[in-house]
>>> print(open('model16.cif').read())   # mmCIF, C-alpha atoms
data_work
#
loop_
_atom_site.label_atom_id
_atom_site.label_comp_id
_atom_site.auth_asym_id
_atom_site.auth_seq_id
_atom_site.Cartn_x
_atom_site.Cartn_y
_atom_site.Cartn_z
CA MET N 1 -122.72 -42.01 -157.54
CA GLY N 2 -125.45 -39.87 -159.12
CA ILE N 3 -124.41 -36.89 -157.01
CA CYS N 4 -120.79 -37.34 -158.02
CA ASN N 5 -121.72 -37.51 -161.73
CA SER N 6 -123.90 -34.42 -161.38
CA THR N 7 -121.05 -32.51 -159.71
CA MET N 8 -118.64 -33.52 -162.43
CA GLY N 9 -121.13 -32.44 -165.12
CA LEU N 10 -121.62 -29.01 -163.52
CA ARG N 11 -117.86 -28.60 -163.20
CA ASN N 12 -117.42 -29.41 -166.89
CA ILE N 13 -120.04 -26.83 -167.79
CA LEU N 14 -118.41 -24.14 -165.65
CA VAL N 15 -114.93 -24.91 -166.95
CA GLY N 16 -116.20 -24.90 -170.52
CA MET N 17 -117.95 -21.55 -170.07
CA VAL N 18 -114.84 -19.99 -168.53
CA LEU N 19 -112.72 -21.20 -171.44
CA LEU N 20 -115.26 -19.96 -173.95
CA LEU N 21 -115.64 -16.56 -172.29
CA SER N 22 -111.91 -16.07 -171.96
CA GLY N 23 -111.29 -16.85 -175.63
CA ALA N 24 -114.37 -15.30 -177.12
CA ALA N 25 -113.74 -12.78 -179.87
CA SER N 26 -116.13 -9.87 -180.41
CA LEU N 27 -117.12 -9.15 -184.00
CA LYS N 28 -118.23 -5.77 -185.28
CA SER N 29 -121.60 -5.68 -186.97
CA GLN N 30 -123.45 -2.75 -188.49
CA ALA N 31 -127.08 -2.18 -189.41
CA TYR N 32 -129.19 0.69 -190.70
CA PHE N 33 -132.22 2.12 -188.96
CA ASN N 34 -135.47 0.24 -189.77
CA GLU N 35 -133.53 -2.40 -191.72
CA THR N 36 -132.08 -5.84 -190.81
CA GLY N 37 -128.96 -6.51 -188.78
CA GLU N 38 -127.00 -9.75 -188.50
CA LEU N 39 -125.71 -11.32 -185.29
CA PRO N 40 -123.27 -14.08 -186.33
CA CYS N 41 -122.35 -17.14 -184.32
CA HIS N 42 -119.74 -18.73 -186.68
CA PHE N 43 -120.18 -22.28 -185.40
CA THR N 44 -118.09 -24.74 -187.41
CA ASN N 45 -119.93 -27.88 -186.16
CA SER N 46 -116.90 -30.10 -186.72
CA GLN N 47 -118.67 -33.03 -185.02
CA ASN N 48 -121.60 -32.72 -187.44
CA LEU N 49 -124.13 -32.46 -184.62
CA SER N 50 -127.79 -32.19 -185.55
CA LEU N 51 -130.06 -29.44 -184.27
CA ASP N 52 -131.88 -32.07 -182.21
CA GLU N 53 -128.74 -32.36 -180.09
CA LEU N 54 -128.20 -28.63 -179.58
CA VAL N 55 -129.59 -25.78 -177.55
CA ILE N 56 -128.95 -22.41 -179.27
CA PHE N 57 -129.86 -18.94 -178.01
CA TRP N 58 -128.85 -15.27 -178.22
CA GLN N 59 -128.79 -12.69 -175.42
CA ASP N 60 -128.24 -8.93 -175.40
CA GLN N 61 -126.01 -7.00 -173.04
CA ASP N 62 -128.80 -6.96 -170.45
CA ASN N 63 -129.14 -10.77 -170.64
CA LEU N 64 -132.50 -10.50 -172.40
CA VAL N 65 -133.15 -13.43 -174.74
CA LEU N 66 -133.63 -12.60 -178.43
CA TYR N 67 -134.10 -16.15 -179.72
CA GLU N 68 -133.94 -19.73 -178.50
CA LEU N 69 -133.83 -22.98 -180.46
CA TYR N 70 -134.16 -25.97 -178.11
CA ARG N 71 -133.30 -29.27 -179.81
CA GLY N 72 -134.67 -28.05 -183.13
CA GLN N 73 -137.75 -26.35 -181.67
CA GLU N 74 -138.16 -22.58 -181.25
CA LYS N 75 -139.07 -21.44 -177.73
CA PRO N 76 -140.82 -18.06 -178.14
CA HIS N 77 -142.03 -18.00 -174.53
CA ASN N 78 -138.39 -17.49 -173.44
CA VAL N 79 -137.93 -14.49 -175.76
CA ASN N 80 -138.16 -10.98 -174.33
CA SER N 81 -141.13 -8.96 -175.56
CA LYS N 82 -138.94 -6.26 -177.22
CA TYR N 83 -137.55 -8.91 -179.61
CA MET N 84 -140.72 -10.90 -180.17
CA GLY N 85 -141.39 -11.43 -183.89
CA ARG N 86 -138.26 -9.52 -184.91
CA THR N 87 -135.77 -12.36 -185.36
CA SER N 88 -135.10 -15.18 -187.81
CA PHE N 89 -132.44 -17.89 -187.61
CA ASP N 90 -130.37 -18.86 -190.68
CA GLN N 91 -129.32 -22.46 -190.04
CA ALA N 92 -126.92 -22.50 -193.01
CA THR N 93 -124.74 -19.70 -191.62
CA TRP N 94 -125.58 -19.94 -187.90
CA THR N 95 -126.62 -16.29 -187.99
CA LEU N 96 -129.50 -14.57 -186.23
CA ARG N 97 -131.13 -11.76 -188.18
CA LEU N 98 -132.65 -8.90 -186.22
CA HIS N 99 -135.35 -7.09 -188.22
CA ASN N 100 -136.63 -3.49 -187.99
CA VAL N 101 -133.47 -2.37 -186.20
CA GLN N 102 -133.85 0.66 -183.94
CA ILE N 103 -131.22 2.96 -182.46
CA LYS N 104 -131.82 1.43 -179.02
CA ASP N 105 -130.74 -1.99 -180.44
CA LYS N 106 -127.11 -0.93 -180.59
CA GLY N 107 -124.87 -2.76 -178.16
CA SER N 108 -123.28 -6.14 -177.43
CA TYR N 109 -124.83 -9.54 -178.17
CA GLN N 110 -123.78 -13.11 -177.44
CA CYS N 111 -124.76 -16.39 -179.00
CA PHE N 112 -124.49 -19.63 -177.01
CA ILE N 113 -124.52 -23.19 -178.30
CA HIS N 114 -124.80 -26.13 -175.89
CA HIS N 115 -124.71 -29.84 -176.58
CA LYS N 116 -127.54 -31.77 -174.99
CA GLY N 117 -125.83 -34.98 -173.95
CA PRO N 118 -126.47 -37.77 -171.46
CA HIS N 119 -124.93 -35.69 -168.70
CA GLY N 120 -126.91 -32.52 -169.41
CA LEU N 121 -126.00 -29.36 -171.27
CA VAL N 122 -122.36 -28.88 -172.21
CA PRO N 123 -121.31 -25.47 -173.66
CA ILE N 124 -119.44 -25.99 -176.91
CA HIS N 125 -119.47 -22.57 -178.56
CA GLN N 126 -119.96 -18.89 -177.80
CA MET N 127 -119.45 -15.71 -179.80
CA SER N 128 -119.89 -12.01 -179.04
CA SER N 129 -120.75 -9.29 -181.53
CA ASP N 130 -121.09 -5.53 -181.19
CA LEU N 131 -123.92 -4.05 -183.21
CA SER N 132 -123.77 -0.41 -184.27
CA VAL N 133 -126.77 1.32 -185.82
CA LEU N 134 -126.69 4.06 -188.45
CA ALA N 135 -129.39 6.27 -189.93
CA ASN N 136 -128.79 8.25 -193.09
CA PHE N 137 -129.14 12.01 -192.69
CA SER N 138 -131.14 13.83 -195.34
CA GLN N 139 -129.23 15.85 -197.92
CA PRO N 140 -128.30 19.20 -196.35
CA GLU N 141 -130.57 22.02 -197.52
CA ILE N 142 -129.68 25.71 -197.74
CA ASN N 143 -132.33 28.37 -197.12
CA LEU N 144 -131.81 32.09 -197.71
CA LEU N 145 -133.14 34.28 -194.92
CA THR N 146 -133.36 37.28 -197.29
CA ASN N 147 -133.77 37.59 -201.05
CA HIS N 148 -130.99 40.15 -201.41
CA THR N 149 -127.64 40.94 -199.91
CA GLU N 150 -127.18 43.84 -197.53
CA ASN N 151 -123.80 45.50 -197.37
CA SER N 152 -122.32 42.55 -199.34
CA VAL N 153 -123.37 40.08 -196.58
CA ILE N 154 -125.90 37.27 -197.00
CA ASN N 155 -127.68 35.42 -194.18
CA LEU N 156 -128.65 31.78 -194.61
CA THR N 157 -129.29 28.51 -192.79
CA CYS N 158 -128.50 24.87 -193.52
CA SER N 159 -130.30 21.86 -192.05
CA SER N 160 -130.29 18.04 -192.20
CA THR N 161 -132.67 15.63 -190.48
CA GLN N 162 -133.32 12.09 -189.26
CA GLY N 163 -129.78 10.78 -188.86
CA TYR N 164 -127.63 8.86 -186.40
CA PRO N 165 -125.10 9.05 -184.81
CA GLU N 166 -124.58 12.74 -184.09
CA PRO N 167 -122.48 14.23 -186.92
CA GLN N 168 -119.07 15.66 -186.24
CA ARG N 169 -119.29 18.97 -188.07
CA MET N 170 -121.42 21.18 -190.32
CA TYR N 171 -120.02 24.11 -192.30
CA MET N 172 -120.30 26.21 -195.47
CA LEU N 173 -118.03 26.35 -198.51
CA LEU N 174 -117.90 29.68 -200.35
CA ASN N 175 -116.67 29.14 -203.91
CA THR N 176 -115.59 31.86 -206.33
CA LYS N 177 -113.69 31.64 -209.59
CA ASN N 178 -110.34 31.98 -207.83
CA SER N 179 -110.86 30.65 -204.29
CA THR N 180 -112.73 28.37 -201.88
CA THR N 181 -113.14 29.30 -198.21
CA GLU N 182 -114.67 27.40 -195.27
CA HIS N 183 -117.04 29.08 -192.83
CA ASP N 184 -117.72 27.28 -189.54
CA ALA N 185 -120.73 27.82 -187.30
CA ASP N 186 -122.12 26.38 -184.09
CA MET N 187 -124.12 23.30 -184.95
CA LYS N 188 -127.51 23.15 -183.25
CA LYS N 189 -128.91 19.67 -182.69
CA SER N 190 -132.08 18.08 -181.38
CA GLN N 191 -132.77 14.40 -180.69
CA ASN N 192 -136.13 12.65 -180.88
CA ASN N 193 -136.99 11.01 -177.55
CA ILE N 194 -138.51 7.95 -179.24
CA THR N 195 -136.43 7.25 -182.35
CA GLU N 196 -133.25 8.86 -180.94
CA LEU N 197 -132.57 10.33 -184.40
CA TYR N 198 -130.86 13.72 -184.74
CA ASN N 199 -131.83 16.91 -186.56
CA VAL N 200 -129.00 19.42 -187.04
CA SER N 201 -128.69 22.95 -188.43
CA ILE N 202 -126.40 25.97 -188.63
CA ARG N 203 -126.92 29.68 -189.34
CA VAL N 204 -124.22 31.82 -190.93
CA SER N 205 -123.61 35.29 -192.36
CA LEU N 206 -121.29 35.21 -195.35
CA PRO N 207 -119.40 38.09 -197.01
CA ILE N 208 -120.30 38.13 -200.69
CA PRO N 209 -117.94 39.86 -203.16
CA PRO N 210 -120.36 41.75 -205.43
CA GLU N 211 -118.06 41.79 -208.46
CA THR N 212 -117.94 37.99 -209.02
CA ASN N 213 -120.24 34.97 -209.22
CA VAL N 214 -120.48 32.96 -205.98
CA SER N 215 -121.52 29.36 -205.25
CA ILE N 216 -122.31 28.31 -201.66
CA VAL N 217 -122.40 24.65 -200.55
CA CYS N 218 -123.32 23.24 -197.13
CA VAL N 219 -121.27 20.25 -195.92
CA LEU N 220 -122.22 17.73 -193.23
CA GLN N 221 -119.37 15.58 -191.88
CA LEU N 222 -120.63 12.31 -190.42
CA GLU N 223 -119.33 10.00 -187.74
CA PRO N 224 -117.73 7.50 -187.54
CA SER N 225 -116.97 7.03 -191.25
CA LYS N 226 -116.02 10.70 -191.92
CA THR N 227 -118.40 10.64 -194.87
CA LEU N 228 -119.30 14.06 -196.30
CA LEU N 229 -122.81 15.02 -197.40
CA PHE N 230 -123.14 18.04 -199.72
CA SER N 231 -126.12 20.27 -200.33
CA LEU N 232 -127.18 21.53 -203.72
CA PRO N 233 -125.24 24.71 -204.55
CA CYS N 234 -126.76 28.11 -203.85
CA ASN N 235 -125.61 30.37 -206.71
CA ILE N 236 -125.44 34.15 -206.49
CA ASP N 237 -124.66 36.13 -209.63
CA ALA N 238 -122.34 39.12 -209.67
CA LYS N 239 -123.98 42.53 -209.49
CA PRO N 240 -123.47 44.96 -212.41
CA PRO N 241 -121.10 47.81 -211.54
CA VAL N 242 -122.89 50.76 -209.99
CA GLN N 243 -122.38 54.06 -211.86
CA PRO N 244 -121.72 57.08 -209.62
CA PRO N 245 -124.57 59.64 -209.60
CA VAL N 246 -124.18 62.72 -211.81
CA PRO N 247 -123.83 65.94 -209.78
CA ASP N 248 -126.75 68.37 -209.98
CA HIS N 249 -124.68 71.24 -211.43
CA ILE N 250 -123.61 69.01 -214.33
CA LEU N 251 -127.27 68.29 -215.08
CA TRP N 252 -128.07 72.05 -215.02
CA ILE N 253 -125.20 72.84 -217.36
CA ALA N 254 -126.27 70.06 -219.77
CA ALA N 255 -129.85 71.35 -219.78
CA LEU N 256 -128.66 74.92 -220.42
CA LEU N 257 -126.50 73.79 -223.33
CA VAL N 258 -129.39 71.92 -224.88
CA THR N 259 -131.59 75.00 -224.51
CA VAL N 260 -128.98 77.22 -226.15
CA VAL N 261 -128.59 74.84 -229.06
CA VAL N 262 -132.33 74.69 -229.61
CA VAL N 263 -132.70 78.49 -229.47
CA CYS N 264 -129.78 79.04 -231.83
CA GLY N 265 -131.26 76.56 -234.26
CA MET N 266 -134.61 78.31 -234.23
CA VAL N 267 -132.99 81.74 -234.76
CA SER N 268 -130.96 80.41 -237.66
CA PHE N 269 -134.06 78.91 -239.25
CA VAL N 270 -136.02 82.18 -239.01
CA THR N 271 -133.09 84.20 -240.39
CA LEU N 272 -132.74 81.94 -243.41
CA ARG N 273 -136.42 82.26 -244.24
CA LYS N 274 -136.23 86.05 -244.15
CA ARG N 275 -133.21 86.05 -246.45
CA LYS N 276 -135.01 83.90 -248.99
CA LYS N 277 -137.92 86.36 -249.09
CA LYS N 278 -135.58 89.40 -249.80
CA GLN N 279 -133.81 87.85 -252.85
CA PRO N 280 -133.98 90.26 -256.11
CA GLY N 281 -136.58 89.58 -258.85
CA PRO N 282 -138.77 91.52 -261.47
CA SER N 283 -141.02 94.15 -259.81
CA ASN N 284 -144.53 95.17 -261.00
CA GLU N 285 -143.25 98.46 -262.47
CA CYS N 286 -140.65 96.65 -264.53
CA GLY N 287 -143.37 94.39 -265.80
CA GLU N 288 -145.56 97.27 -266.94
CA THR N 289 -142.65 98.95 -268.70
CA ILE N 290 -141.85 95.77 -270.59
CA LYS N 291 -145.48 95.47 -271.66
CA MET N 292 -145.54 99.11 -272.92
CA ASN N 293 -142.33 98.67 -274.87
CA ARG N 294 -143.70 95.55 -276.51
CA LYS N 295 -146.90 97.45 -277.46
CA ALA N 296 -144.97 100.42 -278.95
CA SER N 297 -142.84 98.03 -280.96
CA GLU N 298 -145.88 96.36 -282.42
CA GLN N 299 -147.45 99.76 -283.38
CA THR N 300 -144.26 100.80 -285.13
CA LYS N 301 -144.24 97.60 -287.09
CA ASN N 302 -147.87 98.13 -288.14
CA SER N 303 -147.18 101.72 -289.28
CA ALA N 304 -144.32 100.54 -291.41
CA LYS N 305 -146.51 98.03 -293.10
CA SER N 306 -149.17 100.71 -293.88
CA ILE N 307 -146.68 103.01 -295.62
CA THR N 308 -145.45 100.22 -297.69
#
>>> encode(input="model16.cif", output="structure tokens")
Amino acid sequence: MGICNSTMGLRNILVGMVLLLSGAASLKSQAYFNETGELPCHFTNSQNLSLDELVIFWQDQDNLVLYELYRGQEKPHNVNSKYMGRTSFDQATWTLRLHNVQIKDKGSYQCFIHHKGPHGLVPIHQMSSDLSVLANFSQPEINLLTNHTENSVINLTCSSTQGYPEPQRMYMLLNTKNSTTEHDADMKKSQNNITELYNVSIRVSLPIPPETNVSIVCVLQLEPSKTLLFSLPCNIDAKPPVQPPVPDHILWIAALLVTVVVVCGMVSFVTLRKRKKKQPGPSNECGETIKMNRKASEQTKNSAKSIT
């Protein structure tokens, strides 16, 4: 009779697990690198069972145990070492929280709830969830390879670090007053062997119109959300127009004209001075004559007075 009851109990467990597995729905869950992820179980507990009557545990896709609660008591010795001390169970929401999430934690997880009854463990609930892990890339950064443009072409790089998953695309936007153009380049990537995070970069040569102001922005397109990350703009001011060089013969002619003007001015100045010196005026002889005439006049006047 005991054997028969045991066989019936095992059959009920197997049938229950098949039904649960066949109807289990997989939920999508997302967590950020080094933060906390949630692995839900969504148990309604319609029979109002206490934790003392239940056996609850979570497994990953490799059947490694993350957490076990046996009739209200945690069983850490059944937990795999990679999850030890990294989980906490929220009894109010039937959710397992996985702390310090790493890229390698992405994958599928299952929670199992069994009822511990008089005939052994009976599976009453199971749920699967797929955990994806993201890491925020740093803001793209533009670096000029040279401090000046050569032949109206500028060489620069753009880089972004410590992100996951691998981004879809990285490119440059060249903005002028009247237009915006995209410039693609081969994206180079490297992945850290431990953290599995990506570093990405591109290198481009861009044609720069010298007569207008230019703003260059680097864009990183992420997966799977298609989010765009933008760098700070790299601004390049328009160059002043270059005047054509003056031909040598023009310079010689200008110098000759200046010389001629200076010489002519000097000659004119000298000539004017000479003319001023030759202007008519009373000579010494005229002065003596005037003096003699004045003297004779005075003598005549004196003689006239004597006769009188």
>>> residues_around(input="model16.cif", residues="segment 75-85 of chain N", least_positions_apart="4", cutoff="9 Å", atoms="all atoms listed in the file", output="mmCIF file with C-alpha atoms, in the coordinates of the input")
data_model
loop_
_atom_site.group_PDB
_atom_site.id
_atom_site.type_symbol
_atom_site.label_atom_id
_atom_site.label_comp_id
_atom_site.auth_asym_id
_atom_site.auth_seq_id
_atom_site.Cartn_x
_atom_site.Cartn_y
_atom_site.Cartn_z
ATOM 1 C CA LEU N 64 -132.500 -10.500 -172.400
ATOM 2 C CA VAL N 65 -133.150 -13.430 -174.740
ATOM 3 C CA LEU N 66 -133.630 -12.600 -178.430
ATOM 4 C CA TYR N 67 -134.100 -16.150 -179.720
ATOM 5 C CA GLU N 68 -133.940 -19.730 -178.500
ATOM 6 C CA LEU N 69 -133.830 -22.980 -180.460
ATOM 7 C CA TYR N 70 -134.160 -25.970 -178.110
ATOM 8 C CA LEU N 98 -132.650 -8.900 -186.220
ATOM 9 C CA HIS N 99 -135.350 -7.090 -188.220
#
>>> closest_residue(input="model16.cif", among="N:Thr181, N:Glu166, N:Ile194, N:Ala255", to="Lys226 of chain N", atoms="all atoms listed in the file")
N:Glu166
>>> axis_aligned_box(input="model16.cif", around="segment 186-203 of chain N", padding_each_side="6 Å", output="AutoDock Vina command-line options")
--center_x -130.3 --center_y 18.5 --center_z -183.4 --size_x 28.4 --size_y 34.4 --size_z 23.8
>>> closest_residue(input="model16.cif", among="N:Gln139, N:Gln221, N:Thr157, N:Asn199", to="Arg169 of chain N", atoms="only C-alpha atoms")
N:Gln221
>>> resolve_selection(input="model16.cif", expression="the PyMOL selection byres ((chain N and resi 131) around 7)", output="PyMOL selection string")
chain N and resi 28-30+106-108+129-130+132-133
>>> atom_distance(input="model16.cif", atom1="atom CA of Cys218 of chain N", atom2="atom CA of Lys104 of chain N")
29.6 Å
>>> build_atoms(input="model16.cif", residues="segment 260-275 of chain N", atoms="N, CA, C and O atoms", output="PDB file, in the frame of the given file")
ATOM      1  N   VAL N 260    -129.679  76.297-225.279  1.00  0.00           N
ATOM      2  CA  VAL N 260    -128.980  77.220-226.150  1.00  0.00           C
ATOM      3  C   VAL N 260    -128.927  76.704-227.576  1.00  0.00           C
ATOM      4  O   VAL N 260    -129.153  77.439-228.549  1.00  0.00           O
ATOM      5  N   VAL N 261    -128.653  75.419-227.722  1.00  0.00           N
ATOM      6  CA  VAL N 261    -128.590  74.840-229.060  1.00  0.00           C
ATOM      7  C   VAL N 261    -129.930  74.923-229.754  1.00  0.00           C
ATOM      8  O   VAL N 261    -130.028  75.269-230.947  1.00  0.00           O
ATOM      9  N   VAL N 262    -130.993  74.621-229.017  1.00  0.00           N
ATOM     10  CA  VAL N 262    -132.330  74.690-229.610  1.00  0.00           C
ATOM     11  C   VAL N 262    -132.679  76.106-230.026  1.00  0.00           C
ATOM     12  O   VAL N 262    -133.183  76.361-231.129  1.00  0.00           O
ATOM     13  N   VAL N 263    -132.386  77.091-229.160  1.00  0.00           N
ATOM     14  CA  VAL N 263    -132.700  78.490-229.470  1.00  0.00           C
ATOM     15  C   VAL N 263    -131.910  78.965-230.681  1.00  0.00           C
ATOM     16  O   VAL N 263    -132.432  79.612-231.604  1.00  0.00           O
ATOM     17  N   CYS N 264    -130.619  78.648-230.692  1.00  0.00           N
ATOM     18  CA  CYS N 264    -129.780  79.040-231.830  1.00  0.00           C
ATOM     19  C   CYS N 264    -130.301  78.435-233.127  1.00  0.00           C
ATOM     20  O   CYS N 264    -130.303  79.075-234.183  1.00  0.00           O
ATOM     21  N   GLY N 265    -130.731  77.202-233.061  1.00  0.00           N
ATOM     22  CA  GLY N 265    -131.260  76.560-234.260  1.00  0.00           C
ATOM     23  C   GLY N 265    -132.511  77.253-234.758  1.00  0.00           C
ATOM     24  O   GLY N 265    -132.694  77.457-235.960  1.00  0.00           O
ATOM     25  N   MET N 266    -133.390  77.628-233.836  1.00  0.00           N
ATOM     26  CA  MET N 266    -134.610  78.310-234.230  1.00  0.00           C
ATOM     27  C   MET N 266    -134.317  79.666-234.840  1.00  0.00           C
ATOM     28  O   MET N 266    -134.906  80.070-235.853  1.00  0.00           O
ATOM     29  N   VAL N 267    -133.368  80.422-234.233  1.00  0.00           N
ATOM     30  CA  VAL N 267    -132.990  81.740-234.760  1.00  0.00           C
ATOM     31  C   VAL N 267    -132.412  81.610-236.159  1.00  0.00           C
ATOM     32  O   VAL N 267    -132.725  82.370-237.076  1.00  0.00           O
ATOM     33  N   SER N 268    -131.568  80.628-236.337  1.00  0.00           N
ATOM     34  CA  SER N 268    -130.960  80.410-237.660  1.00  0.00           C
ATOM     35  C   SER N 268    -132.018  80.095-238.702  1.00  0.00           C
ATOM     36  O   SER N 268    -131.973  80.568-239.831  1.00  0.00           O
ATOM     37  N   PHE N 269    -133.003  79.281-238.309  1.00  0.00           N
ATOM     38  CA  PHE N 269    -134.060  78.910-239.250  1.00  0.00           C
ATOM     39  C   PHE N 269    -134.868  80.127-239.685  1.00  0.00           C
ATOM     40  O   PHE N 269    -135.156  80.323-240.861  1.00  0.00           O
ATOM     41  N   VAL N 270    -135.238  80.974-238.703  1.00  0.00           N
ATOM     42  CA  VAL N 270    -136.020  82.180-239.010  1.00  0.00           C
ATOM     43  C   VAL N 270    -135.234  83.129-239.914  1.00  0.00           C
ATOM     44  O   VAL N 270    -135.745  83.708-240.874  1.00  0.00           O
ATOM     45  N   THR N 271    -133.931  83.299-239.600  1.00  0.00           N
ATOM     46  CA  THR N 271    -133.090  84.200-240.390  1.00  0.00           C
ATOM     47  C   THR N 271    -132.997  83.734-241.833  1.00  0.00           C
ATOM     48  O   THR N 271    -133.088  84.521-242.773  1.00  0.00           O
ATOM     49  N   LEU N 272    -132.833  82.463-242.059  1.00  0.00           N
ATOM     50  CA  LEU N 272    -132.740  81.940-243.410  1.00  0.00           C
ATOM     51  C   LEU N 272    -134.020  82.171-244.197  1.00  0.00           C
ATOM     52  O   LEU N 272    -134.007  82.498-245.384  1.00  0.00           O
ATOM     53  N   ARG N 273    -135.137  82.029-243.558  1.00  0.00           N
ATOM     54  CA  ARG N 273    -136.420  82.260-244.240  1.00  0.00           C
ATOM     55  C   ARG N 273    -136.571  83.709-244.671  1.00  0.00           C
ATOM     56  O   ARG N 273    -137.052  84.005-245.754  1.00  0.00           O
ATOM     57  N   LYS N 274    -136.135  84.631-243.797  1.00  0.00           N
ATOM     58  CA  LYS N 274    -136.230  86.050-244.150  1.00  0.00           C
ATOM     59  C   LYS N 274    -135.325  86.382-245.323  1.00  0.00           C
ATOM     60  O   LYS N 274    -135.675  87.158-246.213  1.00  0.00           O
ATOM     61  N   ARG N 275    -134.138  85.806-245.345  1.00  0.00           N
ATOM     62  CA  ARG N 275    -133.210  86.050-246.450  1.00  0.00           C
ATOM     63  C   ARG N 275    -133.771  85.570-247.776  1.00  0.00           C
ATOM     64  O   ARG N 275    -133.614  86.194-248.817  1.00  0.00           O
TER      65      ARG N 275
END
